[in-house]
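Structure data (compact mmCIF, C-alpha atoms and all ligand atoms) from query25.txt:
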```
# COMPACT_ATOMS: atom_id res chain seq x y z
CA MET A 1 -7.72 -10.20 -31.98
CA LYS A 2 -4.11 -9.98 -30.87
CA THR A 3 -3.54 -10.86 -27.23
CA GLU A 4 -1.93 -8.10 -25.19
CA LEU A 5 -0.63 -8.53 -21.65
CA VAL A 6 1.17 -6.50 -19.03
CA ILE A 7 2.89 -7.64 -15.84
CA GLY A 8 2.67 -5.78 -12.55
CA PHE A 9 5.31 -6.50 -9.90
CA ASP A 10 5.15 -5.55 -6.24
CA LEU A 11 8.59 -5.67 -4.67
CA GLY A 12 8.44 -5.96 -0.90
CA GLY A 13 10.99 -6.48 1.84
CA THR A 14 10.41 -10.24 1.91
CA HIS A 15 8.40 -11.16 -1.21
CA LEU A 16 8.01 -10.32 -4.88
CA ALA A 17 4.35 -10.48 -5.88
CA ALA A 18 3.40 -10.40 -9.55
CA ALA A 19 0.25 -10.39 -11.64
CA VAL A 20 -0.29 -10.76 -15.38
CA VAL A 21 -3.19 -8.57 -16.39
CA ASP A 22 -5.01 -8.59 -19.73
CA ALA A 23 -6.42 -5.66 -21.66
CA ASP A 24 -9.75 -5.97 -19.81
CA GLY A 25 -7.99 -5.51 -16.47
CA ALA A 26 -8.45 -9.15 -15.44
CA VAL A 27 -5.66 -10.92 -13.52
CA VAL A 28 -4.90 -13.99 -15.63
CA SER A 29 -1.85 -15.26 -13.73
CA ARG A 30 -0.22 -14.45 -10.39
CA ARG A 31 2.80 -15.54 -8.45
CA SER A 32 4.61 -14.71 -5.24
CA SER A 33 8.20 -15.65 -4.50
CA PRO A 34 10.63 -14.87 -1.66
CA VAL A 35 13.05 -12.01 -2.18
CA ARG A 36 16.59 -12.49 -0.91
CA ALA A 37 16.94 -8.78 -0.35
CA GLU A 38 20.31 -9.07 1.40
CA ARG A 39 21.97 -9.75 -1.96
CA GLY A 40 21.39 -6.18 -3.15
CA PRO A 41 19.71 -4.73 -6.24
CA GLY A 42 21.45 -6.70 -9.04
CA PRO A 43 20.23 -10.17 -8.01
CA VAL A 44 16.79 -8.85 -7.02
CA ILE A 45 16.34 -7.24 -10.47
CA ALA A 46 17.54 -10.53 -12.00
CA ASP A 47 14.76 -12.30 -10.04
CA ILE A 48 12.20 -9.86 -11.48
CA LEU A 49 13.41 -10.51 -15.02
CA ALA A 50 13.56 -14.28 -14.44
CA ALA A 51 9.91 -14.27 -13.35
CA VAL A 52 8.67 -12.81 -16.66
CA ASP A 53 8.59 -15.96 -18.80
CA PRO A 54 7.07 -18.26 -16.13
CA LEU A 55 4.40 -15.62 -15.51
CA LEU A 56 3.60 -15.34 -19.21
CA ARG A 57 3.49 -19.15 -19.54
CA GLY A 58 1.05 -19.21 -16.62
CA ALA A 59 -1.15 -16.87 -18.64
CA ALA A 60 -0.69 -18.91 -21.84
CA GLY A 61 1.06 -15.82 -23.21
CA LYS A 62 4.25 -15.16 -25.14
CA ARG A 63 7.02 -12.61 -24.80
CA SER A 64 5.80 -10.94 -28.04
CA GLU A 65 2.46 -10.26 -26.33
CA LEU A 66 4.03 -8.41 -23.39
CA ARG A 67 3.27 -4.73 -23.89
CA ALA A 68 4.55 -3.13 -20.69
CA VAL A 69 5.71 -3.76 -17.14
CA GLY A 70 4.92 -1.92 -13.92
CA VAL A 71 6.97 -2.21 -10.75
CA ALA A 72 5.76 -1.10 -7.33
CA ALA A 73 8.60 -0.65 -4.86
CA PRO A 74 9.22 0.87 -1.45
CA GLY A 75 10.57 4.36 -1.69
CA PRO A 76 11.59 6.99 -1.65
CA LEU A 77 11.81 6.84 -5.41
CA CYS A 78 11.57 9.18 -8.36
CA VAL A 79 8.56 8.35 -10.52
CA SER A 80 9.53 10.59 -13.43
CA THR A 81 12.97 8.99 -13.89
CA GLY A 82 12.14 5.52 -12.52
CA ARG A 83 15.10 5.62 -10.14
CA ILE A 84 14.99 4.17 -6.64
CA VAL A 85 16.46 6.76 -4.28
CA ARG A 86 16.68 4.42 -1.27
CA MET A 87 14.79 1.54 0.28
CA ALA A 88 14.26 1.23 4.02
CA ASN A 89 14.17 -2.58 4.17
CA LEU A 90 16.36 -3.50 1.20
CA PRO A 91 20.08 -2.72 1.47
CA GLY A 92 22.15 -1.27 -1.36
CA TRP A 93 19.34 0.39 -3.34
CA ASP A 94 20.90 3.84 -3.47
CA ASN A 95 20.03 5.70 -6.69
CA VAL A 96 19.28 2.56 -8.73
CA PRO A 97 17.92 3.11 -12.28
CA LEU A 98 15.25 0.41 -11.96
CA ARG A 99 13.06 1.54 -14.85
CA ASP A 100 15.87 1.81 -17.40
CA THR A 101 17.46 -1.49 -16.34
CA ILE A 102 14.21 -3.41 -16.83
CA HIS A 103 13.41 -1.52 -20.03
CA ASP A 104 16.82 -2.38 -21.47
CA ALA A 105 16.33 -6.05 -20.64
CA LEU A 106 12.75 -6.45 -21.86
CA GLY A 107 12.46 -3.75 -24.53
CA CYS A 108 9.01 -2.55 -23.44
CA PRO A 109 7.73 0.52 -21.53
CA VAL A 110 8.23 0.30 -17.75
CA ALA A 111 6.43 2.22 -14.99
CA VAL A 112 7.99 2.49 -11.52
CA GLU A 113 5.78 3.60 -8.66
CA ASN A 114 5.82 3.79 -4.87
CA ASP A 115 4.17 0.65 -3.46
CA GLY A 116 1.61 2.49 -1.34
CA ASN A 117 0.58 4.58 -4.34
CA ALA A 118 0.38 1.51 -6.56
CA ALA A 119 -1.86 -0.30 -4.06
CA ALA A 120 -4.20 2.71 -3.88
CA TYR A 121 -4.30 2.89 -7.67
CA GLY A 122 -4.98 -0.86 -7.87
CA GLU A 123 -7.98 -0.47 -5.60
CA TYR A 124 -9.06 2.59 -7.58
CA ARG A 125 -8.98 0.73 -10.87
CA GLY A 126 -9.92 -2.79 -9.91
CA GLY A 127 -10.93 -3.11 -6.28
CA SER A 128 -12.91 -1.13 -3.76
CA GLY A 129 -12.74 1.80 -6.16
CA ARG A 130 -14.40 -0.23 -8.89
CA SER A 131 -17.00 2.44 -9.58
CA ILE A 132 -14.33 4.26 -11.61
CA ALA A 133 -14.72 1.59 -14.29
CA GLU A 134 -18.34 2.62 -14.71
CA LEU A 135 -17.47 6.24 -15.44
CA PRO A 136 -17.82 7.33 -19.06
CA GLU A 137 -14.63 8.23 -20.96
CA ASN A 138 -15.66 11.89 -20.99
CA ALA A 139 -16.53 12.06 -17.26
CA ASN A 140 -16.26 15.58 -15.89
CA ASP A 141 -14.12 16.62 -12.91
CA GLY A 142 -17.00 16.39 -10.44
CA GLU A 143 -17.75 12.82 -11.48
CA ARG A 144 -14.11 11.86 -11.19
CA ASP A 145 -13.82 13.49 -7.76
CA ARG A 146 -16.52 11.17 -6.46
CA CYS A 147 -14.07 8.32 -7.11
CA ASP A 148 -11.15 9.93 -5.22
CA LEU A 149 -9.67 7.76 -2.52
CA VAL A 150 -6.93 7.56 0.06
CA MET A 151 -5.64 4.15 1.09
CA PHE A 152 -3.59 3.02 4.06
CA THR A 153 -1.70 -0.28 3.67
CA LEU A 154 -1.11 -1.66 7.16
CA GLY A 155 1.79 -4.10 7.08
CA THR A 156 5.43 -4.01 8.12
CA GLY A 157 5.06 -0.25 7.97
CA VAL A 158 2.13 1.94 6.98
CA GLY A 159 2.11 2.61 3.26
CA ALA A 160 -0.39 4.98 1.73
CA GLY A 161 -1.52 6.45 -1.55
CA VAL A 162 -3.74 9.31 -2.67
CA VAL A 163 -5.75 9.17 -5.91
CA ILE A 164 -7.29 12.49 -6.93
CA GLY A 165 -9.15 13.16 -10.16
CA GLY A 166 -8.15 9.81 -11.62
CA ARG A 167 -4.43 10.22 -10.95
CA ILE A 168 -1.99 9.34 -8.19
CA HIS A 169 -1.11 12.55 -6.37
CA HIS A 170 2.70 12.82 -6.39
CA GLY A 171 3.31 16.38 -5.24
CA HIS A 172 6.15 18.73 -6.16
CA PHE A 173 8.87 16.47 -4.73
CA GLU A 174 7.17 13.31 -6.08
CA ASN A 175 6.84 11.97 -2.56
CA ALA A 176 3.27 12.82 -1.56
CA GLY A 177 1.16 10.22 0.19
CA GLU A 178 3.75 9.11 2.75
CA LEU A 179 0.97 9.14 5.30
CA GLY A 180 2.60 6.45 7.44
CA HIS A 181 5.00 9.20 8.49
CA MET A 182 2.21 11.61 9.37
CA ILE A 183 2.95 12.64 12.97
CA VAL A 184 0.03 11.62 15.15
CA ALA A 185 1.74 11.87 18.57
CA TYR A 186 3.82 14.95 19.43
CA ASP A 187 7.26 13.84 20.71
CA GLY A 188 6.04 10.24 20.42
CA LEU A 189 7.85 7.00 19.65
CA PRO A 190 10.99 7.36 17.49
CA CYS A 191 10.64 6.23 13.86
CA GLY A 192 13.33 4.85 11.57
CA CYS A 193 12.71 7.85 9.31
CA GLY A 194 14.15 10.25 11.90
CA GLN A 195 10.87 11.75 13.11
CA ARG A 196 9.00 10.93 16.31
CA GLY A 197 5.35 9.95 16.68
CA CYS A 198 4.79 8.69 13.11
CA LEU A 199 1.55 6.81 12.45
CA GLU A 200 3.44 3.66 11.51
CA GLN A 201 5.00 3.46 14.99
CA TYR A 202 1.48 2.82 16.36
CA ALA A 203 -0.71 1.41 13.61
CA SER A 204 1.43 -0.96 11.52
CA ALA A 205 1.24 -4.71 12.09
CA SER A 206 4.88 -4.65 13.21
CA ALA A 207 4.25 -1.80 15.64
CA VAL A 208 1.24 -3.49 17.23
CA ALA A 209 3.26 -6.67 17.84
CA ARG A 210 6.33 -4.77 19.02
CA ARG A 211 4.35 -2.66 21.49
CA VAL A 212 2.82 -5.81 23.04
CA ARG A 213 6.24 -7.46 23.28
CA ASP A 214 7.71 -4.33 24.92
CA ALA A 215 4.85 -4.26 27.47
CA MET A 216 5.41 -7.96 28.25
CA ARG A 217 9.10 -7.34 28.86
CA SER A 218 8.03 -4.58 31.28
CA GLY A 219 6.05 -7.17 33.20
CA GLU A 220 2.51 -6.49 31.98
CA PRO A 221 0.40 -9.66 32.18
CA THR A 222 -1.17 -11.21 29.07
CA ARG A 223 -2.40 -14.63 28.05
CA LEU A 224 0.26 -14.56 25.30
CA ALA A 225 2.89 -15.14 28.01
CA ASP A 226 1.89 -18.83 27.95
CA ASP A 227 2.22 -19.14 24.16
CA GLY A 228 5.97 -19.51 23.73
CA PRO A 229 8.83 -17.08 23.18
CA ILE A 230 8.03 -13.37 23.17
CA GLU A 231 9.90 -12.96 19.85
CA SER A 232 7.34 -15.15 18.04
CA ILE A 233 4.41 -12.82 18.84
CA ASP A 234 3.06 -11.11 15.73
CA ALA A 235 0.03 -8.94 14.98
CA THR A 236 -2.16 -11.98 14.31
CA CYS A 237 -1.43 -13.27 17.85
CA VAL A 238 -2.34 -9.83 19.22
CA VAL A 239 -5.64 -9.71 17.30
CA ASP A 240 -6.59 -13.24 18.39
CA ALA A 241 -5.83 -12.47 22.04
CA ALA A 242 -7.64 -9.12 21.89
CA ARG A 243 -10.73 -10.82 20.43
CA ALA A 244 -10.56 -13.32 23.31
CA GLY A 245 -10.63 -10.48 25.84
CA ASP A 246 -6.94 -10.12 26.72
CA ALA A 247 -6.58 -6.69 28.37
CA LEU A 248 -3.07 -5.80 27.19
CA CYS A 249 -3.67 -6.85 23.57
CA GLY A 250 -7.07 -5.16 23.59
CA ARG A 251 -5.52 -1.90 24.77
CA ILE A 252 -2.68 -1.89 22.21
CA TRP A 253 -5.11 -2.81 19.41
CA ASP A 254 -7.54 -0.08 20.41
CA GLU A 255 -4.69 2.45 20.51
CA ALA A 256 -3.70 1.43 16.97
CA CYS A 257 -7.31 2.03 15.90
CA ARG A 258 -7.36 5.43 17.66
CA TYR A 259 -4.21 6.61 15.90
CA LEU A 260 -5.57 5.37 12.57
CA ALA A 261 -8.79 7.27 13.24
CA VAL A 262 -6.79 10.45 13.97
CA ALA A 263 -4.97 9.93 10.66
CA CYS A 264 -8.31 9.51 8.86
CA VAL A 265 -9.62 12.79 10.32
CA ASN A 266 -6.40 14.54 9.27
CA VAL A 267 -6.82 13.12 5.76
CA GLN A 268 -10.43 14.29 5.76
CA HIS A 269 -9.28 17.87 6.26
CA ALA A 270 -6.23 17.72 3.96
CA ILE A 271 -7.69 15.82 1.01
CA ASN A 272 -11.47 15.69 1.61
CA PRO A 273 -11.92 12.36 -0.20
CA PRO A 274 -15.25 10.53 -0.30
CA ARG A 275 -13.59 7.41 1.08
CA ILE A 276 -10.56 6.05 2.87
CA LEU A 277 -9.57 2.39 2.42
CA LEU A 278 -7.74 0.22 4.94
CA GLY A 279 -5.70 -2.60 3.38
CA GLY A 280 -2.61 -4.70 4.01
CA GLY A 281 -2.17 -7.68 6.31
CA MET A 282 -3.69 -5.98 9.35
CA ALA A 283 -6.95 -5.36 7.48
CA ARG A 284 -7.56 -9.13 7.55
CA ALA A 285 -8.94 -8.41 11.04
CA GLY A 286 -12.00 -7.09 9.14
CA SER A 287 -14.68 -5.48 11.29
CA PHE A 288 -12.47 -5.91 14.37
CA LEU A 289 -10.33 -3.17 12.79
CA LEU A 290 -12.94 -1.25 10.84
CA ASP A 291 -15.59 -0.77 13.53
CA PRO A 292 -13.35 0.84 16.19
CA VAL A 293 -11.57 3.02 13.60
CA ARG A 294 -14.94 4.29 12.36
CA GLU A 295 -16.12 4.88 15.92
CA HIS A 296 -12.97 6.74 17.03
CA ALA A 297 -13.03 8.81 13.83
CA ARG A 298 -16.68 9.72 14.40
CA ARG A 299 -15.91 10.91 17.94
CA ASN A 300 -12.90 12.96 16.82
CA GLN A 301 -14.48 14.62 13.79
CA TRP A 302 -15.45 18.24 13.78
CA LYS A 303 -19.09 19.26 13.98
CA LEU A 304 -18.91 22.24 11.64
CA TYR A 305 -19.62 20.43 8.40
CA ASP A 306 -20.62 16.92 7.39
CA ASP A 307 -17.71 16.00 5.14
CA ALA A 308 -16.63 12.76 6.83
CA PRO A 309 -15.25 10.21 4.37
CA GLY A 310 -16.52 6.66 4.35
CA ILE A 311 -13.92 4.36 5.91
CA GLU A 312 -13.91 0.95 4.20
CA LEU A 313 -11.83 -2.19 3.88
CA ALA A 314 -9.79 -2.55 0.68
CA SER A 315 -10.78 -5.53 -1.43
CA LEU A 316 -7.77 -6.74 -3.43
CA GLY A 317 -5.74 -8.07 -0.50
CA THR A 318 -2.10 -8.75 -1.32
CA ASP A 319 -2.83 -8.30 -5.06
CA ALA A 320 -3.38 -4.54 -4.76
CA GLY A 321 0.21 -3.40 -5.41
CA ALA A 322 0.75 -5.71 -8.40
CA VAL A 323 -2.67 -4.89 -9.87
CA GLY A 324 -1.96 -1.17 -9.48
CA ALA A 325 1.48 -1.54 -11.08
CA ALA A 326 -0.17 -3.39 -13.98
CA ALA A 327 -2.77 -0.63 -14.39
CA LEU A 328 0.06 1.92 -14.55
CA ALA A 329 1.79 -0.25 -17.15
CA TRP A 330 -1.40 -0.23 -19.25
CA SER A 331 -1.49 3.54 -19.05
CA LEU A 332 1.96 3.58 -20.70
CA VAL A 333 0.73 1.36 -23.50
CA ASP A 334 -2.22 3.65 -24.01
CA ARG A 335 0.04 6.68 -24.20
CA THR A 336 2.87 5.36 -26.32
CA THR A 337 1.39 3.01 -28.89
CA ARG A 338 -2.35 3.49 -29.27
ZN ZN A 401 8.45 8.00 10.28
```

Could I get this structure in the form of structure tokens?
Amino acid sequence: MKTELVIGFDLGGTHLAAAVVDADGAVVSRRSSPVRAERGPGPVIADILAAVDPLLRGAAGKRSELRAVGVAAPGPLCVSTGRIVRMANLPGWDNVPLRDTIHDALGCPVAVENDGNAAAYGEYRGGSGRSIAELPENANDGERDRCDLVMFTLGTGVGAGVVIGGRIHHGHFENAGELGHMIVAYDGLPCGCGQRGCLEQYASASAVARRVRDAMRSGEPTRLADDGPIESIDATCVVDAARAGDALCGRIWDEACRYLAVACVNVQHAINPPRILLGGGMARAGSFLLDPVREHARRNQWKLYDDAPGIELASLGTDAGAVGAAALAWSLVDRTTR
């Protein structure tokens, strides 16, 4: 049987993650390399293209076996045209035709998707949403709805994605699922997006670390004060100190969990999914994140109807975006050539 492969890329602010995925959905090769984002889109796209052959070699594959490519990228972007509108952390990406540029270079179908959506779709197809793989081809709407999910990716910002009825929900303006910019605090902390009180100003890894650093500069005591320069404190330091009983870090961490719980309750009412997944670097805290989020959500939920979603940890880790991009690439192959 002829070997067929796709590559999923996940372009982040600091790294380009990639996975080669076979027709059974298995990751057969992966790679992560630094992105020198300051050079602008041309060199970054060149890095994506230059990674193709080493990735295929790592999978014992050839260029002739490459059927499609998927690219997950920070948005906003236009899924239907494959153009990047803008990128918050990568300069110079204004109205860049990413899909057509890669298609012209590689000669295969290319899918471009928001990174939060791609991660959610990756979990849906190959991670914590694995039950979808057990559905029959002719599954009805009710069966598919049981596999719906919403995922928060807690990293530099808060990415998110919504999968409904087997598809990523894009919305009329193709920008649905930007749940990191859901306002959870009226007139709250300013966000780079122009709003105030966005979820990602409280519940991203960067926000947790920044809020602890700001409190330290205001003179609040913490055991982290003995650990070197304030600038070196990241979310991992905060989690470790909170676990060890540090009051400041414990408070900031618990507030992050409270805001996430509020977001989960809002999602419950807006989407009504059976489950919400927490992924990204901050989810490595495991039950130290999950347990308080579940508890705060339970206390904030309404009592009129028992429609609370299960809140779970995502399972693909840093692979989720690339795996989701690869799954979207496979869907192009299915549509165009089979
Ligand atoms: Zn915002």

A:Leu179, A:Leu56, A:Val44, A:Cys191: which is nearest ligand ZN 401 (chain A), counting all atoms listed in the file?
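Nearest to ligand ZN 401 (chain A): A:Cys191.
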
Taking (-0.9, -6.3, 27.3) in the file's own coordinates, collect the residues within 6 Å, counting all atoms listed in the file, and hand them back as a tab-separated table (two decimals) with C-alpha atoms, keeping the file's coordinate frame.
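Ended up saving to selection.tsv:
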```
chain	number	residue	atom	x	y	z
A	212	VAL	CA	2.82	-5.81	23.04
A	220	GLU	CA	2.51	-6.49	31.98
A	222	THR	CA	-1.17	-11.21	29.07
A	247	ALA	CA	-6.58	-6.69	28.37
A	248	LEU	CA	-3.07	-5.80	27.19
A	249	CYS	CA	-3.67	-6.85	23.57
```

What are the closest atom pairs, with distances in Å to one decimal, for all residues of chain A lying within 9 Å of ligand ZN 401 (chain A)? Consider all atoms listed in the file, order rows by chain and residue number, and present the result as a Markdown table.
```
| residue | atom | partner | partner_atom | distance |
| --- | --- | --- | --- | --- |
| A:Glu178 | CA | A:ZN401 | ZN | 8.9 |
| A:Gly180 | CA | A:ZN401 | ZN | 6.7 |
| A:His181 | CA | A:ZN401 | ZN | 4.1 |
| A:Met182 | CA | A:ZN401 | ZN | 7.3 |
| A:Ile183 | CA | A:ZN401 | ZN | 7.7 |
| A:Pro190 | CA | A:ZN401 | ZN | 7.7 |
| A:Cys191 | CA | A:ZN401 | ZN | 4.6 |
| A:Gly192 | CA | A:ZN401 | ZN | 5.9 |
| A:Cys193 | CA | A:ZN401 | ZN | 4.4 |
| A:Gly194 | CA | A:ZN401 | ZN | 6.3 |
| A:Gln195 | CA | A:ZN401 | ZN | 5.3 |
| A:Arg196 | CA | A:ZN401 | ZN | 6.7 |
| A:Gly197 | CA | A:ZN401 | ZN | 7.4 |
| A:Cys198 | CA | A:ZN401 | ZN | 4.7 |
| A:Leu199 | CA | A:ZN401 | ZN | 7.3 |
| A:Glu200 | CA | A:ZN401 | ZN | 6.7 |
| A:Gln201 | CA | A:ZN401 | ZN | 7.4 |
```

Could you check how far CA of Glu4 (chain A) sits from CA of Pro34 (chain A), in Å to one decimal?
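Answer for the CA of Glu4 (chain A) to CA of Pro34 (chain A) separation: 27.5 Å.
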
I'd like the neighbourhood of Val69 (chain A) as a list in words, where a residue qualifies if any of its atoms comes within 7 Å (using all atoms listed in the file), though same-chain residues fewer than 4 positions away should be ignored.
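Within the cut-off, the hits are Val6, Ile7, Gly8, Pro109, Val110, Ala111, Ala326 and Ala329 of chain A.
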
Nearest residue to Ala322 (chain A) out of A:Gly166, A:Pro43, A:Gly126, A:Pro76, using all atoms listed in the file?
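Using all atoms listed in the file, the shortest distance to Ala322 (chain A) belongs to A:Gly126.
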
Do a neighbour search on region 101-108 of chain A at 8 Å with all atoms listed in the file, toss out local chain neighbours closer than 6 positions, and write the hits as a list of chain:residue names.
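Counting all atoms listed in the file, the residues come to A:Ile45, A:Leu49, A:Leu66, A:Arg67, A:Ala68, A:Val69.
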
Close residues, region 305-311 of chain A itself excluded, 7 Å, all atoms listed in the file, min 5 positions apart in chain, as a PDB file with C-alpha atoms, in the frame of the given file:
```
ATOM      1  CA  GLN A 268     -10.430  14.290   5.760  1.00  0.00           C
ATOM      2  CA  PRO A 273     -11.920  12.360  -0.200  1.00  0.00           C
ATOM      3  CA  PRO A 274     -15.250  10.530  -0.300  1.00  0.00           C
ATOM      4  CA  ARG A 275     -13.590   7.410   1.080  1.00  0.00           C
ATOM      5  CA  ILE A 276     -10.560   6.050   2.870  1.00  0.00           C
ATOM      6  CA  LEU A 277      -9.570   2.390   2.420  1.00  0.00           C
ATOM      7  CA  ARG A 294     -14.940   4.290  12.360  1.00  0.00           C
TER       8      ARG A 294
END
```

If you measure from CA of Lys62 (chain A) to CA of Lys2 (chain A), what distance in Å do you get, rounded to one decimal?
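Between CA of Lys62 (chain A) and CA of Lys2 (chain A) the gap is 11.4 Å.
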
Quick one: residues within 8 Å of Ala88 (chain A), all atoms listed in the file, excluding same-chain residues fewer than 3 positions away - as a list in words?
Pro74, Gly75 and Pro91 of chain A

Quick one: everything within 12 Å of Gly92 (chain A), counting only C-alpha atoms, minus sequence neighbours fewer than 5 positions away in the same chain. Send it as a list of chain:residue names.
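Near neighbours after the sequence-gap exclusion: A:Ala37, A:Glu38, A:Arg39, A:Gly40, A:Pro41, A:Gly42, A:Pro43, A:Val44, A:Ile84, A:Val85, A:Arg86, A:Met87.
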
Using C-alpha atoms, can you export the residues from the last selection as a short mmCIF file (atom, residue, chain, number, x, y, z; two decimals), in the frame of the given file?
```cif
data_model
loop_
_atom_site.label_atom_id
_atom_site.label_comp_id
_atom_site.auth_asym_id
_atom_site.auth_seq_id
_atom_site.Cartn_x
_atom_site.Cartn_y
_atom_site.Cartn_z
CA ALA A 37 16.94 -8.78 -0.35
CA GLU A 38 20.31 -9.07 1.40
CA ARG A 39 21.97 -9.75 -1.96
CA GLY A 40 21.39 -6.18 -3.15
CA PRO A 41 19.71 -4.73 -6.24
CA GLY A 42 21.45 -6.70 -9.04
CA PRO A 43 20.23 -10.17 -8.01
CA VAL A 44 16.79 -8.85 -7.02
CA ILE A 84 14.99 4.17 -6.64
CA VAL A 85 16.46 6.76 -4.28
CA ARG A 86 16.68 4.42 -1.27
CA MET A 87 14.79 1.54 0.28
#
```

Around all the atoms of region 157-167 of chain A listed in the file, draw an axis-aligned box and extend it by 3 Å on each of the six sides; I want its centre and edge lengths in Å to one decimal, as AutoDock Vina command-line options.
```
--center_x -2.0 --center_y 6.5 --center_z -1.8 --size_x 20.2 --size_y 19.4 --size_z 25.6
```

So which residues are close to (-2.5, -3.4, 10.4), meaning at most 6 Å away in the file's coordinates with only C-alpha atoms counted, and can you show them as a list in words?
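Looking at atoms near the point gives Leu154, Gly155, Ser204, Ala205, Gly281, Met282 and Ala283 of chain A.
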
Proximity to Gln301 (chain A) - best of A:Asp148, A:Ser331, A:Ser206, A:Cys264, all atoms listed in the file
A:Cys264

Using all atoms listed in the file, which of A:Leu290, A:Leu5, A:Val208, A:Leu332 sits nearest Thr236 (chain A)?
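Under the stated criterion, the closest residue is A:Val208.
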
Looking at all atoms listed in the file, which of A:Ala244, A:Leu278, A:Ala207, A:Ala46 is the one that sits closest to Leu224 (chain A)?
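Smallest distance to Leu224 (chain A) is found for A:Ala244.
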
Here is a test: counting only C-alpha atoms, which residue of A:Ala176, A:Val28, A:Leu304, A:Leu313 is nearest to Thr153 (chain A)?
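Between A:Ala176, A:Val28, A:Leu304, A:Leu313, the residue approaching Thr153 (chain A) most closely is A:Leu313.
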
Point-to-point distance from CA of Ala297 (chain A) to CA of Gly188 (chain A), Å rounded to tenths:
20.2 Å
